[in-house]
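Peer 1: Please read through the structure below; I'll follow up with questions.
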Amino acid sequence: MINNNNKINLETMKINLLLGLAITALLFNSCSTDDTADIIITDNSIVNNNNGGTTNSGDDEIAISAAEYSSDLVLEAGNTYSISGPVIMADGANLIIGEGVTVKAVATGADVYIAISQGASIIANGTATNPIVMTSGASNPAAGDWGGLIILGKAPINSVTGNATSTSEIGSLPYGGTETSDSSGILRYVRVEYSGGAADGSSENNGFSFYGVGAGTTVDYIQAYEGADDGIEFFGGNVEVNHAVVINAQDDSIDWTEGFTGKVTNAYVKHGADHDKGFECDGYNTDIGNLSNPKFWSKPTVTDVTIVGLGSSTGNEAIRLRAGTQGIFDNILIEGFAEGFDLDGDAGASDNPTGTGVINGDLDVTNVTFTDVTVQLKNDTGDTFADADFMTGIGNATGTDYATWGASWTVGN
């Protein structure tokens, strides 16, 4: 006769056996169907960035290893992460960042950055109320604390011949190609702060570096704040950027070179104490040459822009156009500069035909307003043309409505 205690023990054994078999089956099926699972970092361990000392702010930070990732890396919404070296997404991998994520970089300069390689993607979907912030982890952050965000695509550049690729200043990663519709993912409501760490005098990070990025990439609502080099720089490609803010960049706020032919729409630039140009625009990289065959020049479309300087007595230029750059500008408001537009070139020169662009209608400004600007146009191209050949509709521009679309998610206003 089996007593009640023995019956209970037998039933318990049966339940445990069935549970064990179910777990084993689940694990077997998971392993057999997903050999390249996403890397989802949700650990709440505290990372000490002070050689074993206290944490930066007392908040929990989740460490991301400095590495090249061949599978997806997922940063979950609302978390704070830290990086202490290069985080590089390899071809085929995605960096997926949820809204409200903060990434803090150890403040050691150029060797700490995030790079999205050719064939990889970044999916960074912030919101106006919960933007994604990439910043310095220092207790007293400063411009140049870390590298910034680097994105490399397969769209055309003019610093190479044929289908060749070039390599980035930081990381020596390949970029360029022939795929104008190439996609490197999505940036939406993303802010990069205290970037611009320099490896040397000629190799410097920016806030956002777009290397040969194609038009299939979505870039909408981005800000570069307090960077030691350029805020946003385009190295060729044809990506379209909408709602871009650069505040307190110590070099140029928006820079293009190597045959950039994309679009910049709704841009707001504000200078700090240390700064250079509002826009610096090159038709090609003069350190390399215009090597494309057939040759082409930078020729983006730039619309709805406000550039605020520190006053006409500072001696600065709002927009410098040189090295044969072309471009179509409309609704440009410039305030507080010694010079509005400064055009540099060489008459009749095949490698620096900036003035030729004006004469042919490939470099043109419509609807521009100058406030506290001493010289509206300075022509150093060697070519002769009237101001009206370059710009029309003076006094008609209103710039961008930054007060509306920049509210709540930007800083340093």
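In the structure tokens, each chain is lettered A, B, ... as it comes, each chain's residues begin at 1, and ligands are numbered from 1 in order of appearance.
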Can you list, as a VMD selection string, every protein, DNA or RNA residue that comes within 10 Å of region 344-348 of chain A when you count only C-alpha atoms, leaving out same-chain residues fewer than 5 positions away?

Peer 2: chain A and resid 282 320 to 325 353 to 356 378 to 384

Peer 1: Would you export the selected residues with C-alpha atoms as a JSON list (two decimals), in the first residue's frame, please?

Peer 2:
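Printed below is part-v3.json as written:
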```
[["chain", "number", "residue", "atom", "x", "y", "z"],
["A", 282, "ASP", "CA", 34.59, 72.36, -51.19],
["A", 320, "ARG", "CA", 32.82, 79.94, -47.76],
["A", 321, "LEU", "CA", 32.52, 78.40, -51.23],
["A", 322, "ARG", "CA", 35.72, 77.12, -52.83],
["A", 323, "ALA", "CA", 37.54, 74.37, -54.78],
["A", 324, "GLY", "CA", 34.97, 74.45, -57.54],
["A", 325, "THR", "CA", 31.97, 73.71, -55.38],
["A", 353, "PRO", "CA", 36.35, 76.74, -61.15],
["A", 354, "THR", "CA", 34.15, 78.21, -58.41],
["A", 355, "GLY", "CA", 33.41, 81.34, -60.43],
["A", 356, "THR", "CA", 32.52, 79.26, -63.48],
["A", 378, "LYS", "CA", 33.30, 88.69, -51.53],
["A", 379, "ASN", "CA", 34.41, 87.44, -54.95],
["A", 380, "ASP", "CA", 37.90, 85.94, -54.92],
["A", 381, "THR", "CA", 37.33, 83.59, -57.84],
["A", 382, "GLY", "CA", 39.18, 85.56, -60.52],
["A", 383, "ASP", "CA", 36.01, 85.53, -62.63],
["A", 384, "THR", "CA", 33.94, 88.65, -63.22]]
```

Peer 1: For Val213 (chain A), which residue out of A:Gln118, A:His271, A:Thr286, A:Gly148 is the nearest one, using only C-alpha atoms?

Peer 2: A:Gln118

Peer 1: Which residue out of A:Ile151, A:Pro141, A:Asp91, A:Ile132 has the minimum interatomic distance to Ile114 (chain A) when only C-alpha atoms are used?

Peer 2: A:Ile151

Peer 1: Could you list, as an NGL selection string, every residue within 8 Å of Leu173 (chain A), counting only C-alpha atoms and ignoring same-chain residues fewer than 4 positions away?

Peer 2: :A and (117 or 152 or 167-168)

Peer 1: Print the selection's residues with C-alpha atoms to a file, as a PDB file, in the first residue's frame.

Peer 2:
```pdb
ATOM      1  CA  SER A 117      30.731  50.404 -41.826  1.00  0.00           C
ATOM      2  CA  LEU A 152      30.250  55.029 -44.163  1.00  0.00           C
ATOM      3  CA  THR A 167      39.339  55.317 -46.411  1.00  0.00           C
ATOM      4  CA  SER A 168      38.133  57.448 -43.518  1.00  0.00           C
TER       5      SER A 168
END
```

Peer 1: Between A:Ala407, A:Val133, A:Cys281, A:Leu73, which residue has the minimum interatomic distance to Phe260 (chain A), considering only C-alpha atoms?

Peer 2: A:Cys281

Peer 1: Rank A:Ala273, A:Val358, A:Ala267, A:Val103 by their smallest atom-to-atom distance to Arg191 (chain A), using only C-alpha atoms, and report the top residue only.

Peer 2: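 Looking only at the distances to Arg191 (chain A), the closest residue turns out to be A:Val103.
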
Peer 1: Quick one: everything within 6 Å of Val373 (chain A), counting only C-alpha atoms, minus sequence neighbours fewer than 5 positions away in the same chain. Send it as a PyMOL selection string.

Peer 2: chain A and resi 312+336-338

Peer 1: Pick out the closest residue to Ser181 (chain A) from this set: A:Asn396, A:Thr314, A:Thr218, A:Thr369. Count only C-alpha atoms.

Peer 2: A:Thr218

Peer 1: I need the residues of region 140-250 of chain A that end up classed as strand (DSSP E) by DSSP on the backbone, written out as an NGL selection string.

Peer 2: :A and (149-152 or 166-167 or 174-175 or 185-193 or 208-211 or 218-225 or 232-235 or 240-247)

Peer 1: What separation in Å, quoted to one decimal, exists between CA of Asp362 (chain A) and CA of Asn266 (chain A)?

Peer 2: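 These atoms are spaced 21.1 Å apart.
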
Peer 1: To one decimal place, how far is CA of Phe279 (chain A) from CA of Ser253 (chain A) in Å?

Peer 2: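 CA of Ser253 (chain A) lies at a distance of 6.0 Å from CA of Phe279 (chain A).
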
Peer 1: Would you mind listing what lies within 12 Å of region 390-393 of chain A as a PyMOL selection string, with only C-alpha atoms counted and same-chain residues fewer than 3 positions away left out?

Peer 2: chain A and resi 321+326-333+340-343+354-370+376-379+383-387+396-398
